[in-house]
file run-v4.tsv (TSV, C-alpha atoms)
chain	number	residue	atom	x	y	z
A	1	MET	CA	-5.15	-150.14	135.94
A	2	ALA	CA	-2.95	-152.61	137.75
A	3	PRO	CA	-0.06	-153.66	135.52
A	4	ALA	CA	1.47	-157.06	135.18
A	5	THR	CA	3.99	-156.18	137.85
A	6	SER	CA	1.51	-155.68	140.70
A	7	SER	CA	1.49	-158.05	143.70
A	8	PRO	CA	-1.36	-160.06	145.28
A	9	SER	CA	-1.70	-157.37	147.94
A	10	SER	CA	-3.30	-155.10	145.38
A	11	GLN	CA	-6.14	-157.61	144.98
A	12	LYS	CA	-7.61	-156.33	148.23
A	13	LEU	CA	-8.65	-153.16	146.47
A	14	THR	CA	-12.01	-153.06	144.79
A	15	SER	CA	-12.36	-153.50	141.08
A	16	PHE	CA	-13.09	-149.77	140.97
A	17	ILE	CA	-9.42	-149.06	140.40
A	18	HIS	CA	-9.56	-150.99	137.16
A	19	ARG	CA	-11.80	-148.57	135.25
A	20	THR	CA	-10.47	-146.87	132.15
A	21	HIS	CA	-11.65	-144.81	129.22
A	22	ALA	CA	-15.08	-144.90	127.65
A	23	PRO	CA	-16.95	-146.39	126.01
A	24	HIS	CA	-15.39	-149.81	125.48
A	25	HIS	CA	-13.68	-150.06	128.89
A	26	ILE	CA	-16.66	-149.31	131.09
A	27	ARG	CA	-17.79	-151.87	133.65
A	28	LYS	CA	-21.26	-153.23	132.97
A	29	LYS	CA	-23.57	-153.29	135.96
A	30	THR	CA	-26.91	-155.07	136.27
A	31	PHE	CA	-29.72	-154.28	138.66
A	32	ASP	CA	-32.65	-156.29	140.00
A	33	SER	CA	-35.02	-153.52	138.96
A	34	PRO	CA	-34.97	-150.98	136.10
A	35	PRO	CA	-33.27	-147.62	136.76
A	36	VAL	CA	-35.63	-145.04	138.28
A	37	LYS	CA	-35.73	-141.54	136.84
A	38	LYS	CA	-34.27	-138.88	139.14
A	39	TYR	CA	-35.68	-135.35	139.50
A	40	ARG	CA	-33.51	-132.41	140.36
A	41	SER	CA	-35.82	-130.38	142.65
A	42	MET	CA	-38.85	-130.68	144.92
A	43	GLU	CA	-40.88	-128.49	142.52
A	44	ASP	CA	-40.06	-130.90	139.72
A	45	ILE	CA	-41.18	-133.85	141.84
A	46	LEU	CA	-44.49	-132.20	142.76
A	47	ALA	CA	-45.12	-131.03	139.20
A	48	ARG	CA	-44.50	-134.48	137.76
A	49	ALA	CA	-45.80	-136.67	140.60
A	50	LYS	CA	-48.71	-137.89	138.51
A	51	TYR	CA	-46.44	-138.64	135.58
A	52	ALA	CA	-44.00	-140.49	137.86
A	53	VAL	CA	-46.76	-142.90	138.93
A	54	VAL	CA	-47.79	-143.55	135.35
A	55	GLU	CA	-44.14	-143.92	134.37
A	56	LYS	CA	-43.61	-146.57	137.03
A	57	GLU	CA	-46.70	-148.48	135.97
A	58	ASP	CA	-45.90	-148.28	132.25
A	59	TYR	CA	-42.17	-148.89	132.47
A	60	GLY	CA	-42.61	-152.51	131.44
A	61	SER	CA	-43.94	-151.35	128.06
A	62	LEU	CA	-40.99	-149.03	127.38
A	63	MET	CA	-39.42	-149.72	123.99
A	64	CYS	CA	-35.97	-149.00	122.63
A	65	GLU	CA	-36.01	-146.22	120.03
A	66	GLN	CA	-33.32	-147.96	117.98
A	67	CYS	CA	-34.38	-151.63	117.81
A	68	GLY	CA	-38.07	-151.16	118.68
A	69	THR	CA	-38.17	-153.89	121.32
A	70	GLY	CA	-38.53	-153.93	125.09
A	71	GLU	CA	-36.33	-156.96	125.62
A	72	GLN	CA	-33.77	-156.94	128.45
A	73	PRO	CA	-35.42	-154.07	130.38
A	74	GLU	CA	-32.52	-154.04	132.86
A	75	GLU	CA	-30.36	-152.67	130.02
A	76	LEU	CA	-32.77	-149.93	128.95
A	77	LEU	CA	-31.55	-146.39	129.54
A	78	LEU	CA	-34.11	-143.60	129.96
A	79	CYS	CA	-33.12	-140.21	128.57
A	80	ASP	CA	-33.60	-137.45	131.17
A	81	LYS	CA	-34.50	-134.96	128.46
A	82	CYS	CA	-36.80	-136.68	125.95
A	83	ASP	CA	-37.89	-139.60	128.23
A	84	LYS	CA	-37.25	-142.12	125.44
A	85	GLY	CA	-35.67	-145.50	126.02
A	86	PHE	CA	-32.50	-146.92	124.52
A	87	HIS	CA	-30.76	-150.25	124.98
A	88	MET	CA	-27.18	-149.88	126.17
A	89	LYS	CA	-26.00	-151.94	123.20
A	90	CYS	CA	-28.08	-149.90	120.73
A	91	VAL	CA	-26.52	-146.52	121.60
A	92	ARG	CA	-23.61	-145.39	119.42
A	93	PRO	CA	-21.00	-145.44	120.82
A	94	ILE	CA	-22.34	-148.33	122.91
A	95	VAL	CA	-22.71	-148.00	126.70
A	96	VAL	CA	-21.51	-150.98	128.73
A	97	ARG	CA	-22.27	-149.59	132.20
A	98	ILE	CA	-25.39	-147.84	133.48
A	99	PRO	CA	-24.27	-144.21	134.03
A	100	ILE	CA	-24.26	-142.70	137.49
A	101	GLY	CA	-26.79	-139.89	137.80
A	102	SER	CA	-28.64	-138.42	134.85
A	103	TRP	CA	-28.17	-139.62	131.27
A	104	ILE	CA	-28.87	-137.82	127.99
A	105	CYS	CA	-29.26	-139.71	124.73
A	106	PRO	CA	-26.94	-138.84	121.82
A	107	LYS	CA	-29.72	-137.04	119.92
A	108	CYS	CA	-30.56	-134.75	122.85
A	109	SER	CA	-26.96	-134.16	123.89
A	110	GLY	CA	-25.92	-133.34	120.34
A	111	VAL	CA	-22.51	-133.93	118.83
A	112	LYS	CA	-20.06	-131.15	119.41
A	113	LYS	CA	-18.95	-129.76	116.10
A	114	VAL	CA	-15.20	-129.51	116.02
A	115	LYS	CA	-13.70	-126.93	113.72
A	116	LYS	CA	-11.07	-127.99	111.25
A	117	PHE	CA	-7.60	-127.80	112.72
A	118	THR	CA	-5.19	-125.70	110.71
A	119	GLN	CA	-1.45	-125.94	111.23
A	120	ARG	CA	-1.47	-122.88	113.49
A	121	ARG	CA	-4.36	-124.24	115.58
A	122	ILE	CA	-2.65	-127.62	115.90
A	123	LEU	CA	0.60	-126.12	117.16
A	124	ASP	CA	-1.30	-123.83	119.56
A	125	PHE	CA	-3.38	-126.77	120.85
A	126	PHE	CA	-0.27	-128.73	121.82
A	127	GLY	CA	1.53	-125.65	123.14
A	128	LEU	CA	4.23	-125.76	120.48
A	129	PRO	CA	6.03	-122.74	118.96
A	130	ARG	CA	4.62	-121.69	115.61
A	131	ASP	CA	8.07	-121.34	114.07
A	132	LEU	CA	9.20	-124.95	114.50
A	133	PRO	CA	11.65	-125.71	111.64
A	134	ASP	CA	9.95	-128.97	110.64
A	135	PHE	CA	6.59	-127.27	110.08
A	136	ARG	CA	7.70	-124.24	108.10
A	137	ARG	CA	6.19	-123.93	104.66
A	138	ASN	CA	8.32	-124.91	101.69
A	139	ASN	CA	11.02	-126.13	104.00
A	140	SER	CA	12.42	-128.64	101.52
A	141	SER	CA	15.92	-128.52	103.00
A	142	SER	CA	14.63	-129.56	106.42
A	143	ARG	CA	12.65	-132.44	104.91
A	144	GLU	CA	15.63	-133.61	102.91
A	145	ALA	CA	17.81	-133.49	106.01
A	146	MET	CA	15.27	-135.67	107.86
A	147	ARG	CA	15.33	-138.20	105.02
A	148	ARG	CA	19.10	-138.38	105.09
A	149	ARG	CA	19.23	-138.65	108.85
A	150	ARG	CA	20.26	-142.12	109.83
A	151	ARG	CA	18.03	-143.86	112.31
A	152	PRO	CA	19.77	-145.26	115.39
A	153	ARG	CA	20.47	-148.96	115.06
A	154	PRO	CA	19.13	-151.00	117.96
A	155	LEU	CA	21.79	-153.11	119.60
A	156	VAL	CA	21.56	-156.85	119.16
A	157	LEU	CA	21.45	-157.30	122.93
A	158	GLN	CA	18.86	-154.58	123.37
A	159	LYS	CA	15.88	-156.80	122.69
A	160	LYS	CA	17.21	-159.62	124.84
A	161	ARG	CA	17.71	-157.24	127.74
A	162	ARG	CA	14.22	-155.82	127.13
A	163	ARG	CA	15.29	-152.20	127.11
A	164	LEU	CA	12.90	-149.48	126.05
A	165	LEU	CA	13.24	-148.14	122.53
A	166	PRO	CA	12.40	-144.55	121.55
A	167	PHE	CA	9.56	-144.16	119.09
A	168	VAL	CA	10.37	-143.18	115.51
A	169	PRO	CA	8.18	-140.24	114.42
A	170	THR	CA	6.79	-139.95	110.91
A	171	LEU	CA	9.23	-138.16	108.60
A	172	ASP	CA	6.64	-136.22	106.62
A	173	PRO	CA	5.68	-133.05	108.58
A	174	ALA	CA	2.30	-132.87	106.81
A	175	ARG	CA	1.48	-136.41	107.92
A	176	ARG	CA	2.53	-135.61	111.48
A	177	LEU	CA	0.18	-132.63	111.48
A	178	LYS	CA	-2.65	-134.94	110.42
A	179	GLN	CA	-1.83	-137.30	113.30
A	180	MET	CA	-1.79	-134.42	115.77
A	181	ALA	CA	-5.06	-133.08	114.34
A	182	SER	CA	-6.77	-136.44	114.94
A	183	LEU	CA	-5.78	-136.34	118.63
A	184	ALA	CA	-6.74	-132.68	118.98
A	185	THR	CA	-10.15	-133.43	117.44
A	186	ALA	CA	-10.81	-136.31	119.87
A	187	LEU	CA	-9.73	-134.30	122.92
A	188	THR	CA	-11.81	-131.30	121.84
A	189	ALA	CA	-14.88	-133.47	121.30
A	190	LEU	CA	-14.59	-134.65	124.93
A	191	ASN	CA	-13.91	-131.12	126.25
A	192	MET	CA	-10.41	-132.15	127.29
A	193	LYS	CA	-7.10	-130.32	127.22
A	194	PHE	CA	-3.86	-131.85	126.02
A	195	CYS	CA	-1.48	-132.73	128.83
A	196	ASN	CA	1.58	-134.92	128.36
A	197	SER	CA	2.48	-135.24	132.04
A	198	LEU	CA	0.79	-135.91	135.38
A	199	THR	CA	-0.89	-132.90	136.96
A	200	TYR	CA	-1.57	-132.16	140.61
A	201	SER	CA	-4.63	-129.92	140.91
A	202	PRO	CA	-5.94	-128.22	144.07
A	203	GLY	CA	-8.42	-130.34	145.98
A	204	MET	CA	-6.91	-133.58	144.71
A	205	ALA	CA	-3.86	-135.58	145.75
A	206	PRO	CA	-0.70	-133.49	146.31
A	207	ARG	CA	2.53	-134.38	144.58
A	208	GLU	CA	4.12	-135.55	147.83
A	209	ALA	CA	1.51	-138.33	147.96
A	210	ASN	CA	3.00	-139.89	144.82
A	211	GLN	CA	6.06	-141.54	146.30
A	212	SER	CA	7.13	-144.96	145.09
A	213	THR	CA	8.09	-145.91	148.64
A	214	PHE	CA	4.37	-146.01	149.49
A	215	GLU	CA	3.85	-148.79	146.93
A	216	ASN	CA	2.73	-152.06	148.47
A	217	GLY	CA	2.76	-154.05	145.25
A	218	GLY	CA	5.13	-154.47	142.35
A	219	MET	CA	6.72	-151.56	140.57
A	220	GLN	CA	9.65	-151.61	138.15
A	221	ASN	CA	12.62	-149.29	138.47
A	222	LEU	CA	13.55	-147.23	135.43
A	223	ASN	CA	17.28	-147.76	134.92
A	224	LYS	CA	19.66	-145.16	133.49
A	225	GLU	CA	19.47	-146.46	129.93
A	226	ASP	CA	15.66	-146.44	129.90
A	227	THR	CA	15.65	-143.03	131.60
A	228	LYS	CA	17.65	-141.62	128.69
A	229	THR	CA	15.15	-143.16	126.28
A	230	LEU	CA	12.28	-141.51	128.17
A	231	GLU	CA	14.04	-138.14	128.17
A	232	ARG	CA	14.66	-138.46	124.45
A	233	CYS	CA	10.98	-139.17	123.77
A	234	ILE	CA	9.90	-136.20	125.90
A	235	ALA	CA	12.34	-133.94	124.04
A	236	MET	CA	10.93	-135.09	120.69
A	237	THR	CA	7.34	-134.33	121.71
A	238	LYS	CA	8.38	-130.80	122.67
A	239	ARG	CA	9.56	-130.37	119.07
A	240	GLY	CA	6.26	-131.62	117.66
A	241	LYS	CA	7.47	-135.17	116.99
A	242	PHE	CA	5.01	-137.72	118.34
A	243	PRO	CA	4.71	-141.50	117.90
A	244	PRO	CA	3.19	-142.54	114.55
A	245	LEU	CA	-0.35	-142.91	115.88
A	246	MET	CA	-3.75	-141.86	114.52
A	247	VAL	CA	-6.93	-141.43	116.57
A	248	VAL	CA	-9.92	-142.82	114.66
A	249	PHE	CA	-13.63	-143.00	115.51
A	250	ASP	CA	-15.39	-146.36	115.63
A	251	SER	CA	-19.20	-146.46	115.64
A	252	CYS	CA	-19.22	-149.02	118.49
A	253	GLN	CA	-16.06	-148.33	120.46
A	254	GLY	CA	-15.82	-144.56	120.07
A	255	TYR	CA	-12.36	-143.04	119.71
A	256	THR	CA	-9.56	-145.59	119.32
A	257	VAL	CA	-5.90	-145.51	118.26
A	258	GLU	CA	-4.26	-147.06	115.20
A	259	ALA	CA	-0.60	-147.25	114.25
A	260	ASP	CA	0.14	-144.87	111.37
A	261	GLY	CA	3.53	-146.44	110.84
A	262	PRO	CA	5.56	-149.47	111.95
A	263	ILE	CA	6.30	-149.68	115.69
A	264	LYS	CA	8.97	-152.07	116.96
A	265	ASP	CA	8.71	-154.33	119.99
A	266	MET	CA	9.53	-152.60	123.32
A	267	THR	CA	8.96	-149.13	121.85
A	268	PHE	CA	7.82	-146.44	124.26
A	269	ILE	CA	4.32	-145.46	123.07
A	270	ALA	CA	3.00	-142.98	125.60
A	271	GLU	CA	2.68	-142.12	129.27
A	272	TYR	CA	-0.78	-142.28	130.81
A	273	THR	CA	-1.38	-138.75	132.06
A	274	GLY	CA	-4.13	-136.79	133.79
A	275	ASP	CA	-5.04	-135.40	137.20
A	276	VAL	CA	-3.67	-137.39	140.16
A	277	ASP	CA	-6.23	-138.14	142.85
A	278	PHE	CA	-6.84	-140.55	145.74
A	279	ILE	CA	-8.91	-143.62	144.92
A	280	LYS	CA	-11.16	-142.91	147.91
A	281	ASN	CA	-12.21	-139.63	146.26
A	282	ARG	CA	-13.22	-141.43	143.07
A	283	GLU	CA	-15.17	-144.43	144.37
A	284	THR	CA	-18.54	-142.83	143.53
A	285	ASP	CA	-17.22	-140.76	140.62
A	286	ASP	CA	-18.58	-141.31	137.13
A	287	CYS	CA	-15.19	-140.64	135.57
A	288	ASP	CA	-14.65	-143.25	132.86
A	289	SER	CA	-10.95	-142.82	132.23
A	290	MET	CA	-8.89	-143.78	135.28
A	291	MET	CA	-5.61	-145.62	135.54
A	292	THR	CA	-4.07	-147.08	138.69
A	293	LEU	CA	-0.99	-145.06	139.55
A	294	LEU	CA	0.06	-146.21	143.03
A	295	LEU	CA	-1.16	-149.11	145.19
A	296	SER	CA	-0.47	-148.70	148.89
A	297	GLY	CA	-2.92	-151.36	150.07
A	298	SER	CA	-5.55	-148.79	151.06
A	299	THR	CA	-7.89	-146.66	148.96
A	300	ALA	CA	-7.14	-143.73	151.29
A	301	THR	CA	-3.54	-143.47	150.08
A	302	SER	CA	-3.64	-145.28	146.72
A	303	LEU	CA	-3.62	-143.06	143.64
A	304	VAL	CA	-5.20	-142.98	140.20
A	305	ALA	CA	-4.51	-140.85	137.13
A	306	CYS	CA	-7.82	-139.38	135.90
A	307	ALA	CA	-7.89	-138.43	132.22
A	308	ASP	CA	-11.35	-136.85	132.21
A	309	LYS	CA	-10.36	-133.19	131.93
A	310	ARG	CA	-6.84	-133.40	130.54
A	311	GLY	CA	-4.76	-136.16	129.01
A	312	ASN	CA	-2.99	-137.43	125.90
A	313	ILE	CA	-3.37	-140.21	123.33
A	314	ALA	CA	-3.03	-142.95	125.98
A	315	ARG	CA	-6.60	-142.14	127.06
A	316	PHE	CA	-7.94	-143.56	123.77
A	317	ILE	CA	-5.99	-146.83	123.53
A	318	SER	CA	-8.30	-149.86	123.83
A	319	GLY	CA	-8.27	-152.82	126.21
A	320	ILE	CA	-8.63	-156.44	125.17
A	321	ASN	CA	-11.11	-159.12	126.18
A	322	ASN	CA	-8.62	-161.38	127.95
A	323	HIS	CA	-11.27	-164.06	128.59
A	324	THR	CA	-11.10	-165.31	125.00
A	325	PRO	CA	-8.17	-166.56	122.89
A	326	ASP	CA	-9.17	-164.25	120.04
A	327	GLY	CA	-9.14	-161.28	122.40
A	328	LYS	CA	-5.66	-162.11	123.67
A	329	LYS	CA	-4.36	-162.32	120.11
A	330	LYS	CA	-5.16	-158.64	119.62
A	331	GLN	CA	-2.87	-157.51	122.43
A	332	ASN	CA	0.16	-155.64	121.11
A	333	SER	CA	1.06	-153.36	124.03
A	334	LYS	CA	1.21	-153.42	127.80
A	335	CYS	CA	0.83	-150.98	130.67
A	336	VAL	CA	3.61	-150.89	133.27
A	337	ARG	CA	4.13	-148.75	136.36
A	338	TYR	CA	7.68	-147.47	136.83
A	339	ASP	CA	9.56	-145.81	139.65
A	340	VAL	CA	10.95	-142.65	138.03
A	341	ASN	CA	13.02	-140.49	140.38
A	342	GLY	CA	11.01	-141.63	143.39
A	343	GLU	CA	7.58	-141.13	141.77
A	344	SER	CA	5.21	-143.64	140.21
A	345	ARG	CA	4.43	-143.23	136.51
A	346	VAL	CA	2.54	-145.39	134.01
A	347	PHE	CA	3.94	-146.17	130.55
A	348	LEU	CA	2.40	-147.94	127.58
A	349	ILE	CA	4.95	-150.10	125.76
A	350	ALA	CA	4.73	-152.23	122.61
A	351	THR	CA	4.93	-155.97	123.32
A	352	ARG	CA	5.56	-156.98	119.71
A	353	ASP	CA	6.11	-155.42	116.31
A	354	ILE	CA	3.04	-153.41	115.31
A	355	SER	CA	2.31	-152.83	111.64
A	356	LYS	CA	0.78	-149.75	110.05
A	357	GLY	CA	-3.02	-149.69	110.29
A	358	GLU	CA	-3.13	-152.07	113.27
A	359	ARG	CA	-5.30	-150.97	116.19
A	360	LEU	CA	-3.58	-150.76	119.57
A	361	TYR	CA	-4.79	-152.98	122.42
A	362	TYR	CA	-3.41	-153.73	125.87
A	363	ASP	CA	-4.46	-156.09	128.66
A	364	TYR	CA	-6.46	-153.94	131.03
A	365	ASN	CA	-6.02	-156.30	133.98
A	366	GLY	CA	-2.41	-157.37	133.75
A	367	TYR	CA	-2.19	-160.68	135.61
A	368	GLU	CA	-4.85	-159.97	138.25
A	369	ASN	CA	-7.91	-160.60	136.06
A	370	GLN	CA	-10.29	-158.86	138.48
A	371	TYR	CA	-12.06	-156.75	135.88
A	372	PRO	CA	-14.88	-158.32	133.77
A	373	THR	CA	-13.22	-157.79	130.41
A	374	GLN	CA	-15.64	-160.22	128.76
A	375	HIS	CA	-17.86	-157.15	128.25
A	376	PHE	CA	-15.23	-155.33	126.20
A	377	VAL	CA	-16.04	-154.86	122.54
call {"tool": "encode", "arguments": {"input": "run-v4.tsv", "output": "structure tokens"}}
result
Amino acid sequence: MAPATSSPSSQKLTSFIHRTHAPHHIRKKTFDSPPVKKYRSMEDILARAKYAVVEKEDYGSLMCEQCGTGEQPEELLLCDKCDKGFHMKCVRPIVVRIPIGSWICPKCSGVKKVKKFTQRRILDFFGLPRDLPDFRRNNSSSREAMRRRRRPRPLVLQKKRRRLLPFVPTLDPARRLKQMASLATALTALNMKFCNSLTYSPGMAPREANQSTFENGGMQNLNKEDTKTLERCIAMTKRGKFPPLMVVFDSCQGYTVEADGPIKDMTFIAEYTGDVDFIKNRETDDCDSMMTLLLSGSTATSLVACADKRGNIARFISGINNHTPDGKKKQNSKCVRYDVNGESRVFLIATRDISKGERLYYDYNGYENQYPTQHFV
């Protein structure tokens, strides 16, 4: 996703680079004709040739299994397993873009049953030591020490200078475990691994490709004060102290993120992580969770962070519909690309005070407005 700091030169890139996580950030496509069922082999084609002709003739009478109507046939999805039809808006979570390749309805695909996360499983999932002091049983002295610990007072000039603030983790270790369990459950349901930093996998973009000097747009420099804030936040996560966020499931939007405690303006929320790859390698990819990482003016050298196999809580934060005043009112965070030690990295930052229970939203387009966010839920 192109942040608010990108330049007009980035507008030359296709809107492909503006895709993000499913299901409420997927671009909706329309076709002049209904999608045609694809067969995987020649034997399958020959065996079902007669059925294919009938299917083509009878496609106009295809009905949605949910609403029972055949209205808007261009939005009907055909399950490749049960051959039943479903409107994109009738599927839960809803589908806002016709999938690339085959598609399986929720009933045929089945919902992956996630086992209950115990404290040991939670710590193992995030790669944390099992003997962390804050999570020891009956550790009343540690809890009392955390209550007595004085929170750092933000300087009066800090807000005016728009410096980053470190997040304040939840004091109660049991509550923090519940927050971590919600993220672990969402990642497990999507067959993803937790990763709190960018990864450079074989066959994708190498680390030397991510150099801020290649940027042809706008990128902010992370000063020394903000660098210390970032290092402090990273150190806290290694001790099992994460931002006060809870991943919740919405029947329409899928997994989303809510604040589980107050978050102040300009607080560092999370870094968008995942596998780093060239945009040219992802132009025909069905990955639904990409974030613009570096814009060089060409898709051959521009980079995206792909959170389809590994990522963190940033993958589940929602985008706003910035075409309506009501949609803009929901925005409470922003996505900014920073130059950190010569490399480009993407941070999500609070743009105002966020209260407990409030859902997190950020403007997916920044100031470019190339992506059709009017389709966002």
call {"tool": "closest_residue", "arguments": {"input": "run-v4.tsv", "among": "A:Glu343, A:Glu358, A:Glu71, A:Asp80", "to": "Ser212 of chain A", "atoms": "only C-alpha atoms"}}
result
A:Glu343
call {"tool": "closest_residue", "arguments": {"input": "run-v4.tsv", "among": "A:Ser61, A:Asn321, A:Leu294, A:Ile349", "to": "Thr213 of chain A", "atoms": "only C-alpha atoms"}}
result
A:Leu294
call {"tool": "closest_residue", "arguments": {"input": "run-v4.tsv", "among": "A:Cys79, A:Ile122, A:Val276, A:Cys90", "to": "Trp103 of chain A", "atoms": "only C-alpha atoms"}}
result
A:Cys79
call {"tool": "closest_residue", "arguments": {"input": "run-v4.tsv", "among": "A:Lys238, A:Arg130, A:Lys309, A:Lys264", "to": "Ile354 of chain A", "atoms": "all atoms listed in the file"}}
result
A:Lys264
call {"tool": "closest_residue", "arguments": {"input": "run-v4.tsv", "among": "A:Ile269, A:Arg337, A:Thr229, A:Met246", "to": "Thr185 of chain A", "atoms": "all atoms listed in the file"}}
result
A:Met246
call {"tool": "atom_distance", "arguments": {"input": "run-v4.tsv", "atom1": "atom CA of Pro244 of chain A", "atom2": "atom CA of Gly274 of chain A"}}
result
21.4 Å
call {"tool": "residues_near_point", "arguments": {"input": "run-v4.tsv", "point": "(1.7, -137.4, 111.7)", "cutoff": "10 Å", "atoms": "all atoms listed in the file", "output": "list in words"}}
result
Pro169, Thr170, Leu171, Asp172, Pro173, Ala174, Arg175, Arg176, Leu177, Lys178, Gln179, Met180, Ala181, Ser182, Gly240, Lys241, Phe242, Pro243, Pro244, Leu245, Met246, Asp260 and Gly261 of chain A
call {"tool": "atom_distance", "arguments": {"input": "run-v4.tsv", "atom1": "atom CA of Ala186 of chain A", "atom2": "atom CA of Tyr362 of chain A"}}
result
19.9 Å
call {"tool": "atom_distance", "arguments": {"input": "run-v4.tsv", "atom1": "atom CA of Asp265 of chain A", "atom2": "atom CA of Lys356 of chain A"}}
result
13.5 Å
call {"tool": "closest_residue", "arguments": {"input": "run-v4.tsv", "among": "A:Leu295, A:Ile313, A:Thr324, A:Gly319", "to": "Asn216 of chain A", "atoms": "all atoms listed in the file"}}
result
A:Leu295
call {"tool": "residues_around", "arguments": {"input": "run-v4.tsv", "residues": "Asn196 of chain A", "least_positions_apart": "4", "cutoff": "9 Å", "atoms": "all atoms listed in the file", "output": "ChimeraX atom specification"}}
result
/A:234,237,270-274,310-313
call {"tool": "residues_near_point", "arguments": {"input": "run-v4.tsv", "point": "(1.2, -151.8, 121.7)", "cutoff": "8 Å", "atoms": "all atoms listed in the file", "output": "list in words"}}
result
Ile269, Gln331, Asn332, Ser333, Lys334, Leu348, Ile349, Ala350, Thr351, Arg352, Ile354, Leu360, Tyr361 and Tyr362 of chain A
call {"tool": "residues_around", "arguments": {"input": "run-v4.tsv", "residues": "Leu77 of chain A", "least_positions_apart": "3", "cutoff": "7 Å", "atoms": "all atoms listed in the file", "output": "ChimeraX atom specification"}}
result
/A:85-88
